[in-house]
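Colleague: Quick one: structure below, then a few questions.
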Amino acid sequence: FNKGVLGDDAVYFSDKKKLVECFQMIDQLIEKNGEEFKDKNFDKITSVYNWENITTQHEELFRFLMR
């Protein structure tokens, strides 16, 4: 789910060791990518994951299923 929504605009971990590494590097990660991640993800939220788009997609699906 997260990668499907956030794409390359986030930091991911696959196990406890990687999570610990992310926490140890959190200051550098925020300094390097924080603003860019925030801006790009805010743009996705407002343009893709908004109620107008979601309801339109559901309506299209329901119309397709009714045919």
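Residue numbers start at 1 in each chain; chains themselves are named A, B, ... in the order of the structure tokens; ligands are numbered from 1 in the order shown.
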Can you list every residue of region 24-57 of chain A that has an atom at most 10 Å from region 3-14 of chain A, with its nearest atom pair and the distance in Å to one decimal, using only C-alpha atoms, ordered by chain then number, as JSON lines?
Modeller:
{"residue": "A:Ile26", "atom": "CA", "partner": "A:Val11", "partner_atom": "CA", "distance": 9.9}
{"residue": "A:Leu29", "atom": "CA", "partner": "A:Val11", "partner_atom": "CA", "distance": 8.4}
{"residue": "A:Asn33", "atom": "CA", "partner": "A:Asp9", "partner_atom": "CA", "distance": 8.3}
{"residue": "A:Gly34", "atom": "CA", "partner": "A:Ala10", "partner_atom": "CA", "distance": 8.9}
{"residue": "A:Glu36", "atom": "CA", "partner": "A:Asp9", "partner_atom": "CA", "distance": 7.7}
{"residue": "A:Phe37", "atom": "CA", "partner": "A:Asp9", "partner_atom": "CA", "distance": 4.9}
{"residue": "A:Lys38", "atom": "CA", "partner": "A:Asp9", "partner_atom": "CA", "distance": 8.1}
{"residue": "A:Asp39", "atom": "CA", "partner": "A:Asp9", "partner_atom": "CA", "distance": 9.3}
{"residue": "A:Lys40", "atom": "CA", "partner": "A:Asp9", "partner_atom": "CA", "distance": 7.0}
{"residue": "A:Asn41", "atom": "CA", "partner": "A:Leu6", "partner_atom": "CA", "distance": 6.6}
{"residue": "A:Lys44", "atom": "CA", "partner": "A:Leu6", "partner_atom": "CA", "distance": 8.2}
{"residue": "A:Ile45", "atom": "CA", "partner": "A:Val5", "partner_atom": "CA", "distance": 9.1}
{"residue": "A:Val48", "atom": "CA", "partner": "A:Val5", "partner_atom": "CA", "distance": 9.6}
{"residue": "A:Tyr49", "atom": "CA", "partner": "A:Val5", "partner_atom": "CA", "distance": 9.0}
Colleague: Apply DSSP to the backbone of this structure and, from chain A, keep only the residues in alpha helix (DSSP H); write these as a ChimeraX atom specification.
Modeller: /A:2-6,16-24,26-47,51-66
Colleague: Could you jot down the CA of Gln24 (chain A) to CA of Phe42 (chain A) separation for me, Å, one decimal place?
Modeller: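 Those two atoms sit 25.4 Å apart.
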Colleague: Expressed in Å to a single decimal, how great is the separation between CA of Asp43 (chain A) and CA of Glu21 (chain A)?
Modeller: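 So the two atoms, CA of Asp43 (chain A) and CA of Glu21 (chain A), lie 28.0 Å apart.
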Colleague: What is the CA of Lys18 (chain A)-CA of Glu35 (chain A) distance in Å, reported with one decimal?
Modeller: 22.2 Å
